[in-house]
$ cat start.cif   # mmCIF, C-alpha atoms
data_my_file
loop_
_atom_site.label_atom_id
_atom_site.label_comp_id
_atom_site.auth_asym_id
_atom_site.auth_seq_id
_atom_site.Cartn_x
_atom_site.Cartn_y
_atom_site.Cartn_z
CA MET A 1 -8.64 -39.66 20.14
CA ILE A 2 -6.64 -38.11 17.32
CA ALA A 3 -3.18 -39.54 16.69
CA VAL A 4 -0.69 -37.05 15.27
CA GLY A 5 1.83 -39.17 13.41
CA ASN A 6 2.58 -42.88 13.55
CA GLU A 7 5.88 -44.15 15.01
CA VAL A 8 7.52 -40.76 14.44
CA MET A 9 9.83 -41.07 17.46
CA SER A 10 11.50 -44.18 16.04
CA SER A 11 11.65 -42.88 12.45
CA GLY A 12 15.20 -41.58 12.76
CA ASP A 13 14.09 -38.32 11.14
CA GLU A 14 15.22 -35.67 13.64
CA SER A 15 13.46 -32.89 11.77
CA LEU A 16 10.17 -34.74 11.93
CA VAL A 17 10.68 -35.65 15.60
CA SER A 18 11.32 -31.99 16.48
CA GLN A 19 8.02 -30.99 14.84
CA LEU A 20 5.93 -33.63 16.60
CA LEU A 21 5.15 -31.80 19.84
CA PRO A 22 4.34 -28.47 18.12
CA ALA A 23 2.02 -30.35 15.75
CA MET A 24 0.26 -32.03 18.68
CA GLN A 25 -0.08 -28.67 20.44
CA ASN A 26 -1.58 -27.10 17.30
CA VAL A 27 -4.18 -29.85 17.00
CA GLN A 28 -4.97 -29.63 20.71
CA ASN A 29 -5.46 -25.87 20.47
CA ALA A 30 -7.88 -26.40 17.60
CA LEU A 31 -9.83 -28.85 19.79
CA ASN A 32 -10.00 -26.82 22.99
CA SER A 33 -13.72 -26.41 22.49
CA ALA A 34 -14.08 -30.20 22.34
CA PRO A 35 -12.29 -31.42 25.50
CA LYS A 36 -13.51 -35.01 25.13
CA ILE A 37 -11.27 -35.48 22.09
CA LYS A 38 -7.73 -36.34 23.13
CA VAL A 39 -4.56 -35.69 21.13
CA SER A 40 -1.78 -38.27 21.20
CA THR A 41 0.81 -39.84 18.93
CA VAL A 42 1.60 -43.50 18.29
CA HIS A 43 4.89 -45.21 19.13
CA SER A 44 6.52 -48.48 18.14
CA MET A 45 8.18 -50.79 20.65
CA ALA A 46 11.48 -49.42 19.31
CA VAL A 47 11.18 -46.42 21.66
CA LEU A 48 12.17 -48.86 24.43
CA THR A 49 15.73 -50.02 24.94
CA HIS A 50 14.71 -52.55 27.61
CA SER A 51 11.51 -54.59 27.74
CA ASP A 52 12.61 -57.94 29.17
CA PRO A 53 11.80 -58.50 31.93
CA PRO A 54 8.78 -56.18 31.74
CA SER A 55 9.56 -54.49 35.07
CA SER A 56 12.85 -53.23 33.57
CA GLY A 57 11.05 -51.41 30.77
CA SER A 58 12.80 -48.16 29.89
CA PHE A 59 12.84 -45.68 27.03
CA ASP A 60 15.76 -45.06 24.68
CA PRO A 61 17.99 -42.47 26.45
CA ALA A 62 18.37 -40.62 23.16
CA LEU A 63 14.61 -40.00 23.11
CA VAL A 64 14.03 -39.25 26.79
CA ASN A 65 14.26 -35.45 26.59
CA THR A 66 11.71 -35.24 23.78
CA LEU A 67 9.52 -37.88 25.39
CA GLN A 68 9.54 -36.00 28.68
CA GLN A 69 8.05 -32.96 26.95
CA LEU A 70 5.54 -35.06 25.02
CA LEU A 71 4.40 -36.93 28.11
CA ALA A 72 4.09 -33.75 30.16
CA PHE A 73 1.88 -32.29 27.43
CA GLN A 74 -0.22 -35.46 27.32
CA LYS A 75 -0.55 -35.55 31.10
CA ASP A 76 -1.79 -31.95 31.13
CA ASN A 77 -4.40 -32.85 28.52
CA GLU A 78 -5.20 -36.31 29.97
CA SER A 79 -4.42 -38.06 26.70
CA PRO A 80 -3.21 -41.68 26.57
CA PHE A 81 0.13 -43.14 25.57
CA ALA A 82 -0.50 -45.08 22.35
CA PHE A 83 1.81 -47.77 21.00
CA ASN A 84 1.94 -50.76 18.64
CA PRO A 85 2.89 -54.10 20.23
CA TYR A 86 3.41 -56.99 17.80
CA PRO A 87 4.16 -60.36 19.43
CA PHE A 88 4.49 -61.71 15.87
CA PHE A 89 7.82 -59.94 15.49
CA SER A 90 8.96 -61.26 18.88
CA TYR A 91 8.27 -64.77 17.64
CA GLN A 92 10.20 -64.05 14.43
CA SER A 93 13.29 -63.35 16.51
CA ASP A 94 12.79 -66.42 18.75
CA PRO A 95 10.89 -69.07 16.72
CA ARG A 96 10.62 -71.81 19.35
CA PRO A 97 7.34 -73.71 19.97
CA GLU A 98 7.13 -72.43 23.53
CA THR A 99 7.54 -68.84 22.26
CA LEU A 100 4.71 -69.33 19.78
CA ALA A 101 2.36 -70.54 22.54
CA PHE A 102 3.40 -67.57 24.68
CA CYS A 103 2.67 -65.16 21.81
CA LEU A 104 -0.69 -66.74 20.88
CA PHE A 105 -2.18 -66.73 24.42
CA GLN A 106 -2.08 -70.53 24.39
CA PRO A 107 -1.27 -72.72 27.44
CA ASN A 108 2.40 -72.46 28.35
CA SER A 109 4.64 -72.67 31.40
CA GLY A 110 4.73 -68.88 31.74
CA ARG A 111 7.69 -66.58 32.27
CA VAL A 112 8.71 -65.09 35.59
CA ASP A 113 9.76 -61.46 35.75
CA THR A 114 12.92 -61.68 37.85
CA GLY A 115 12.52 -58.05 38.89
CA SER A 116 8.91 -58.04 40.08
CA GLY A 117 8.29 -61.75 40.65
CA LYS A 118 5.18 -61.51 38.45
CA VAL A 119 4.32 -64.43 36.19
CA TYR A 120 3.46 -63.72 32.56
CA SER A 121 1.36 -66.11 30.48
CA ASN A 122 1.51 -64.16 27.19
CA MET A 123 3.73 -61.75 25.26
CA PHE A 124 1.04 -59.07 24.86
CA ASP A 125 0.82 -58.50 28.62
CA ALA A 126 4.61 -58.49 28.88
CA GLN A 127 4.93 -55.78 26.23
CA VAL A 128 2.14 -53.65 27.73
CA ASP A 129 3.71 -53.87 31.19
CA ALA A 130 7.15 -53.00 29.80
CA VAL A 131 5.67 -49.75 28.49
CA HIS A 132 3.87 -49.18 31.81
CA ALA A 133 7.18 -49.67 33.65
CA ALA A 134 8.94 -47.23 31.31
CA LEU A 135 6.23 -44.62 31.86
CA SER A 136 6.42 -45.18 35.62
CA SER A 137 10.19 -44.68 35.61
CA MET A 138 9.66 -41.24 34.09
CA GLY A 139 6.97 -40.25 36.59
CA PHE A 140 3.89 -41.04 34.49
CA LYS A 141 2.67 -44.17 36.27
CA ASP A 142 -1.01 -43.21 35.99
CA MET A 143 -1.01 -42.40 32.29
CA GLU A 144 -3.56 -44.44 30.38
CA ILE A 145 -2.21 -46.82 27.74
CA VAL A 146 -3.94 -47.48 24.41
CA ILE A 147 -2.97 -50.15 21.89
CA ALA A 148 -3.14 -48.35 18.55
CA GLU A 149 -2.20 -51.43 16.50
CA THR A 150 -1.69 -55.12 17.10
CA GLY A 151 -2.28 -58.12 14.88
CA TRP A 152 -0.86 -61.18 13.16
CA PRO A 153 -0.37 -61.86 9.42
CA SER A 154 -2.30 -64.67 7.75
CA ARG A 155 0.49 -65.38 5.27
CA GLY A 156 4.08 -64.41 4.55
CA ASP A 157 7.22 -65.24 2.61
CA SER A 158 8.77 -68.70 2.98
CA ASN A 159 11.26 -67.37 5.53
CA GLU A 160 8.61 -65.66 7.69
CA VAL A 161 7.96 -68.29 10.29
CA GLY A 162 4.56 -68.27 11.96
CA ALA A 163 2.67 -66.24 9.34
CA SER A 164 -0.45 -68.36 8.77
CA VAL A 165 -4.24 -68.19 8.89
CA GLU A 166 -4.25 -70.58 11.86
CA ASN A 167 -1.91 -68.39 13.92
CA ALA A 168 -3.58 -65.12 12.91
CA LYS A 169 -6.95 -66.54 13.92
CA ALA A 170 -5.56 -67.79 17.22
CA TYR A 171 -3.79 -64.53 18.10
CA ASN A 172 -6.65 -62.16 17.36
CA GLY A 173 -9.32 -64.48 18.70
CA ASN A 174 -7.49 -65.16 21.95
CA LEU A 175 -6.55 -61.48 22.28
CA ILE A 176 -10.23 -60.53 22.11
CA ALA A 177 -11.09 -63.14 24.75
CA HIS A 178 -8.25 -61.94 26.97
CA LEU A 179 -9.39 -58.32 26.76
CA ARG A 180 -13.03 -59.21 27.35
CA SER A 181 -12.12 -61.14 30.48
CA LEU A 182 -10.89 -57.89 32.11
CA VAL A 183 -8.15 -59.87 33.85
CA GLY A 184 -5.69 -57.11 32.90
CA THR A 185 -1.91 -57.50 33.08
CA PRO A 186 0.24 -58.51 36.07
CA LEU A 187 1.18 -54.84 36.71
CA MET A 188 -2.29 -53.49 35.86
CA PRO A 189 -4.77 -56.15 36.99
CA GLY A 190 -8.52 -56.01 36.70
CA LYS A 191 -8.82 -53.74 33.65
CA SER A 192 -8.85 -53.96 29.89
CA VAL A 193 -6.59 -51.82 27.71
CA ASP A 194 -8.40 -50.20 24.76
CA THR A 195 -7.06 -52.10 21.77
CA PHE A 196 -7.34 -51.65 18.00
CA ILE A 197 -6.75 -54.68 15.79
CA PHE A 198 -4.54 -54.19 12.76
CA ALA A 199 -6.01 -54.40 10.27
CA LEU A 200 -9.50 -54.43 8.80
CA TYR A 201 -8.24 -55.15 5.27
CA ASP A 202 -5.14 -56.59 3.64
CA GLU A 203 -2.94 -53.97 1.95
CA ASP A 204 -2.03 -55.48 -1.39
CA LEU A 205 0.08 -52.52 -2.56
CA LYS A 206 2.20 -52.23 0.58
CA ARG A 207 5.93 -52.69 0.15
CA GLY A 208 8.15 -55.07 2.11
CA PRO A 209 7.80 -58.75 3.06
CA ALA A 210 4.61 -60.59 2.08
CA SER A 211 3.40 -60.51 5.69
CA GLU A 212 3.10 -56.71 5.50
CA ARG A 213 0.28 -57.16 2.98
CA ALA A 214 -1.58 -59.82 4.97
CA PHE A 215 -2.65 -58.45 8.37
CA GLY A 216 -6.28 -57.96 7.34
CA LEU A 217 -9.34 -59.65 8.77
CA PHE A 218 -10.71 -59.19 5.24
CA LYS A 219 -9.08 -59.57 1.84
CA THR A 220 -8.89 -56.80 -0.72
CA ASP A 221 -11.86 -58.34 -2.61
CA LEU A 222 -13.88 -57.74 0.61
CA THR A 223 -14.20 -61.45 1.44
CA MET A 224 -13.31 -62.58 4.97
CA ALA A 225 -9.73 -63.77 5.42
CA TYR A 226 -10.77 -65.71 8.53
CA ASP A 227 -13.45 -65.48 11.23
CA VAL A 228 -11.94 -63.95 14.35
CA GLY A 229 -15.19 -64.16 16.33
CA LEU A 230 -16.42 -60.59 16.02
CA ASP A 231 -19.98 -61.20 14.84
CA LYS A 232 -22.16 -58.53 13.25
CA SER A 233 -24.73 -58.28 16.04
CA GLY A 234 -22.31 -58.31 18.95
CA SER A 235 -24.79 -60.50 20.84
CA THR A 236 -22.74 -63.69 20.82
CA HIS A 237 -19.27 -63.51 22.31
CA LYS A 238 -16.66 -66.04 21.24
CA ASN A 239 -13.78 -66.95 23.47
CA SER A 240 -12.19 -69.40 21.06
CA PRO A 241 -11.29 -68.56 17.48
CA THR A 242 -12.61 -71.97 16.46
CA SER A 243 -16.11 -72.22 17.92
CA PRO A 244 -18.72 -70.15 19.76
CA ILE A 245 -19.82 -70.40 23.35
CA THR A 246 -23.41 -71.32 24.02
CA PRO A 247 -24.64 -68.61 26.38
CA ALA A 248 -26.06 -69.74 29.70
CA PRO A 249 -29.55 -68.69 30.80
CA LYS A 250 -29.66 -65.07 31.93
CA THR A 251 -31.38 -65.80 35.23
CA GLY A 252 -30.44 -67.73 38.35
CA THR A 253 -27.13 -68.47 40.01
CA GLN A 254 -24.41 -70.05 37.88
CA TRP A 255 -21.09 -71.68 38.69
CA CYS A 256 -18.22 -72.47 36.33
CA ILE A 257 -16.84 -76.02 36.41
CA PRO A 258 -14.62 -78.18 34.18
CA LYS A 259 -16.13 -80.39 31.51
CA VAL A 260 -15.99 -84.10 32.35
CA GLU A 261 -13.84 -85.13 29.37
CA VAL A 262 -11.07 -82.56 29.95
CA THR A 263 -7.56 -83.90 30.64
CA GLU A 264 -5.59 -83.17 33.78
CA ALA A 265 -2.94 -81.44 31.68
CA GLN A 266 -5.54 -78.99 30.39
CA LEU A 267 -6.90 -78.40 33.89
CA GLN A 268 -3.41 -77.83 35.27
CA ALA A 269 -2.81 -75.26 32.54
CA ASN A 270 -5.99 -73.50 33.65
CA ILE A 271 -4.83 -73.50 37.28
CA ASP A 272 -1.43 -72.13 36.27
CA TYR A 273 -3.01 -69.38 34.21
CA ILE A 274 -5.57 -68.32 36.83
CA CYS A 275 -3.39 -68.54 39.92
CA GLY A 276 -0.31 -67.23 38.10
CA SER A 277 -2.16 -64.05 37.19
CA GLN A 278 -2.07 -63.05 40.88
CA VAL A 279 -5.40 -61.25 40.54
CA VAL A 280 -7.37 -64.23 41.84
CA ASP A 281 -6.82 -65.51 45.39
CA CYS A 282 -6.01 -69.21 45.07
CA GLY A 283 -5.31 -69.51 48.81
CA PRO A 284 -8.32 -71.80 49.45
CA ILE A 285 -6.78 -74.55 47.27
CA GLN A 286 -3.35 -74.27 48.89
CA PRO A 287 -2.35 -76.55 51.81
CA GLU A 288 -4.41 -75.71 54.90
CA GLY A 289 -6.97 -73.98 52.66
CA ALA A 290 -10.68 -74.80 52.99
CA CYS A 291 -10.78 -76.29 49.48
CA TYR A 292 -7.39 -78.05 49.42
CA GLU A 293 -9.02 -81.44 50.01
CA PRO A 294 -9.59 -83.46 47.97
CA ASN A 295 -6.08 -82.77 46.73
CA THR A 296 -6.81 -83.42 43.05
CA ILE A 297 -6.19 -81.36 39.94
CA SER A 298 -9.85 -81.54 38.92
CA SER A 299 -11.09 -80.29 42.29
CA HIS A 300 -8.57 -77.45 42.46
CA ALA A 301 -9.26 -76.46 38.85
CA ALA A 302 -13.02 -76.36 39.49
CA PHE A 303 -12.60 -73.93 42.36
CA ALA A 304 -10.10 -71.72 40.53
CA MET A 305 -12.11 -71.59 37.28
CA ASN A 306 -15.29 -70.67 39.14
CA LEU A 307 -13.47 -67.98 41.13
CA TYR A 308 -12.20 -66.46 37.88
CA TYR A 309 -15.69 -66.58 36.34
CA GLN A 310 -17.31 -64.90 39.33
CA LYS A 311 -14.61 -62.22 39.63
CA PHE A 312 -14.51 -61.10 36.01
CA GLY A 313 -18.14 -60.50 35.17
CA ARG A 314 -19.98 -63.83 35.03
CA ASN A 315 -20.14 -63.63 31.25
CA PRO A 316 -20.17 -66.81 29.14
CA TRP A 317 -16.72 -66.02 27.78
CA ASN A 318 -15.36 -65.89 31.34
CA CYS A 319 -16.20 -69.60 31.61
CA ASP A 320 -14.64 -71.06 28.50
CA PHE A 321 -10.93 -71.68 29.07
CA SER A 322 -10.34 -72.95 25.52
CA GLN A 323 -13.50 -75.08 25.54
CA THR A 324 -12.67 -76.87 28.81
CA ALA A 325 -15.37 -75.36 31.04
CA MET A 326 -19.15 -75.22 31.36
CA LEU A 327 -21.77 -73.45 33.47
CA THR A 328 -23.97 -75.26 35.95
CA SER A 329 -26.88 -74.28 38.17
CA GLN A 330 -25.89 -76.89 40.78
CA ASN A 331 -23.85 -75.46 43.64
CA PRO A 332 -20.51 -77.39 43.77
CA SER A 333 -19.74 -76.22 47.35
CA TYR A 334 -18.96 -78.94 49.91
CA ASN A 335 -18.23 -79.04 53.61
CA ALA A 336 -16.32 -75.83 54.49
CA CYS A 337 -15.38 -75.22 50.85
CA VAL A 338 -17.73 -72.51 49.57
CA TYR A 339 -17.81 -71.76 45.85
CA PRO A 340 -18.73 -68.10 45.26
CA GLY A 341 -21.85 -67.71 43.16
CA GLY A 342 -24.03 -65.00 41.73
CA SER A 343 -26.81 -64.31 39.25
CA THR A 344 -25.93 -63.71 35.61
#
$ encode --input "start.cif" --output "structure tokens"
Amino acid sequence: MIAVGNEVMSSGDESLVSQLLPAMQNVQNALNSAPKIKVSTVHSMAVLTHSDPPSSGSFDPALVNTLQQLLAFQKDNESPFAFNPYPFFSYQSDPRPETLAFCLFQPNSGRVDTGSGKVYSNMFDAQVDAVHAALSSMGFKDMEIVIAETGWPSRGDSNEVGASVENAKAYNGNLIAHLRSLVGTPLMPGKSVDTFIFALYDEDLKRGPASERAFGLFKTDLTMAYDVGLDKSGSTHKNSPTSPITPAPKTGTQWCIPKVEVTEAQLQANIDYICGSQVVDCGPIQPEGACYEPNTISSHAAFAMNLYYQKFGRNPWNCDFSQTAMLTSQNPSYNACVYPGGST
């Protein structure tokens, strides 16, 4: 994909905005002999006037006419809608502990979309679905979405709450795990959105707040700012930004179960996350379900965690849940309660 311009629509420069579509058309014409290369442009979240709740997502009325032409062009050429979601800035405007957990993909109580009834467990999904809803409202429901930039700064000025190595490591590491799980978003379940992390390097000459110079995974002297879990070989996947998963054997049937030492609070958070996603059927652990008894958090969590693992690829990182799960070769099924299983 070639992006013509970055955040042009929200630049406020009407002359530049008016030249965007012709520029995209010129580049597309030059690429007609290479149809696999798509031409798009990148937007900021500022092109939306509504994003909360996500189902109410809508574009700025002042931009709709231009966007309609852009989107029609992109639909004709099957190019994706690219935008830059930054939960970091959402946290800046609402610096509560529960907002930080929501932005960092950490266990939280979730937020219910009053329009759709969907439950959101993280800000990234909420922002992606707000864009999806806005596209749908303009008749482009099936347009692919690409995340052109997203990231978290490892440092900032004294008044920039949340800018730290710990939070940057958590956001990017948990984002990678979330995308690898293929759980998708509440409005677009079961798929992963192509996502580019901003940025590879810090930008020490960039103007603005200190955070603007500190989004890099690497420093300007080429040393690592922090380890986000993207190893060089790509053979070991890490679900947690703090420690790697030990891969299970590649043969035989495996089931995902909780570790013995895990607290009930952690297991309940897992249940809330899995069942709240609405892409996994938690009916068997509901009253009258085959796996409702014994009615304990540990039993319900075991079934839900295994169901998630089996549904989303049976990869080691699908059975991690922030270090609370493990793989076993012993079938945990009992009585009429059957745990799905499959070979890795």
$ resolve_selection --input "start.cif" --expression "the PyMOL selection byres ((chain A and resi 159) around 12)" --output "list in words"
Gln92, Ser93, Pro95, Arg155, Gly156, Asp157, Ser158, Glu160, Val161, Gly162, Ala163, Pro209, Ala210 and Ser211 of chain A
$ closest_residue --input "start.cif" --among "A:Ala290, A:Leu100, A:Val39, A:Leu31" --to "A:Asn335" --atoms "only C-alpha atoms"
A:Ala290
$ resolve_selection --input "start.cif" --expression "the PyMOL selection byres ((chain A and resi 217) around 6)" --output "list of chain:residue names"
A:Leu200, A:Tyr201, A:Gly216, A:Phe218, A:Ala225
$ closest_residue --input "start.cif" --among "A:Gly110, A:Gly117, A:Pro287, A:Gly342" --to "A:Gln310" --atoms "all atoms listed in the file"
A:Gly342
$ resolve_selection --input "start.cif" --expression "the PyMOL selection byres ((chain A and resi 105) around 12)" --output "PyMOL selection string"
chain A and resi 87-88+98-104+106-110+120-126+167-179+239-241+269+273+321-322
$ closest_residue --input "start.cif" --among "A:Ser192, A:Gln330, A:Ser90, A:Ser181" --to "A:Arg314" --atoms "only C-alpha atoms"
A:Ser181
$ residues_around --input "start.cif" --residues "A:Val17" --least-positions-apart "3" --cutoff "10 Å" --atoms "only C-alpha atoms" --output "number ranges by chain"
A: 5, 7-14, 20-22, 63, 66
$ atom_distance --input "start.cif" --atom1 "atom CA of A:Gly229" --atom2 "atom CA of A:Ile37"
29.5 Å
$ closest_residue --input "start.cif" --among "A:Tyr339, A:Trp152, A:Phe81, A:Tyr226" --to "A:Gln254" --atoms "only C-alpha atoms"
A:Tyr339
$ closest_residue --input "start.cif" --among "A:Asp142, A:Ala34, A:Gly252, A:Ser154" --to "A:Glu166" --atoms "only C-alpha atoms"
A:Ser154
$ residues_near_point --input "start.cif" --point "(-13.7, -84.8, 37.4)" --cutoff "8 Å" --atoms "only C-alpha atoms" --output "JSON, numbers by chain"
{"A": [258, 259, 260, 298, 299]}
$ closest_residue --input "start.cif" --among "A:Tyr334, A:Phe140, A:Trp255, A:Phe196" --to "A:Pro316" --atoms "only C-alpha atoms"
A:Trp255
$ atom_distance --input "start.cif" --atom1 "atom CA of A:Ala30" --atom2 "atom CA of A:Ser18"
20.0 Å
$ atom_distance --input "start.cif" --atom1 "atom CA of A:Ala82" --atom2 "atom CA of A:Met45"
10.5 Å
$ residues_around --input "start.cif" --residues "A:Cys319" --least-positions-apart "2" --cutoff "9 Å" --atoms "all atoms listed in the file" --output "MDAnalysis selection string"
chainID A and resid 239 255:257 305:306 308:309 314:317 321 323:327
$ write_last_selection --input "start.cif" --atoms "C-alpha atoms" --output "mmCIF file, keeping the file's coordinate frame"
data_model
loop_
_atom_site.group_PDB
_atom_site.id
_atom_site.type_symbol
_atom_site.label_atom_id
_atom_site.label_comp_id
_atom_site.auth_asym_id
_atom_site.auth_seq_id
_atom_site.Cartn_x
_atom_site.Cartn_y
_atom_site.Cartn_z
ATOM 1 C CA ASN A 239 -13.780 -66.950 23.470
ATOM 2 C CA TRP A 255 -21.090 -71.680 38.690
ATOM 3 C CA CYS A 256 -18.220 -72.470 36.330
ATOM 4 C CA ILE A 257 -16.840 -76.020 36.410
ATOM 5 C CA MET A 305 -12.110 -71.590 37.280
ATOM 6 C CA ASN A 306 -15.290 -70.670 39.140
ATOM 7 C CA TYR A 308 -12.200 -66.460 37.880
ATOM 8 C CA TYR A 309 -15.690 -66.580 36.340
ATOM 9 C CA ARG A 314 -19.980 -63.830 35.030
ATOM 10 C CA ASN A 315 -20.140 -63.630 31.250
ATOM 11 C CA PRO A 316 -20.170 -66.810 29.140
ATOM 12 C CA TRP A 317 -16.720 -66.020 27.780
ATOM 13 C CA PHE A 321 -10.930 -71.680 29.070
ATOM 14 C CA GLN A 323 -13.500 -75.080 25.540
ATOM 15 C CA THR A 324 -12.670 -76.870 28.810
ATOM 16 C CA ALA A 325 -15.370 -75.360 31.040
ATOM 17 C CA MET A 326 -19.150 -75.220 31.360
ATOM 18 C CA LEU A 327 -21.770 -73.450 33.470
#
$ residues_around --input "start.cif" --residues "A:Val27" --least-positions-apart "6" --cutoff "10 Å" --atoms "only C-alpha atoms" --output "VMD selection string"
chain A and resid 2 to 4 21 38 to 40
$ write_last_selection --input "start.cif" --atoms "C-alpha atoms" --output "PDB file, keeping the file's coordinate frame"
ATOM      1  CA  ILE A   2      -6.640 -38.110  17.320  1.00  0.00           C
ATOM      2  CA  ALA A   3      -3.180 -39.540  16.690  1.00  0.00           C
ATOM      3  CA  VAL A   4      -0.690 -37.050  15.270  1.00  0.00           C
ATOM      4  CA  LEU A  21       5.150 -31.800  19.840  1.00  0.00           C
ATOM      5  CA  LYS A  38      -7.730 -36.340  23.130  1.00  0.00           C
ATOM      6  CA  VAL A  39      -4.560 -35.690  21.130  1.00  0.00           C
ATOM      7  CA  SER A  40      -1.780 -38.270  21.200  1.00  0.00           C
TER       8      SER A  40
END
$ residues_around --input "start.cif" --residues "A:Thr195" --least-positions-apart "2" --cutoff "8 Å" --atoms "only C-alpha atoms" --output "list of chain:residue names"
A:Val146, A:Ile147, A:Ala148, A:Glu149, A:Thr150, A:Val193, A:Ile197
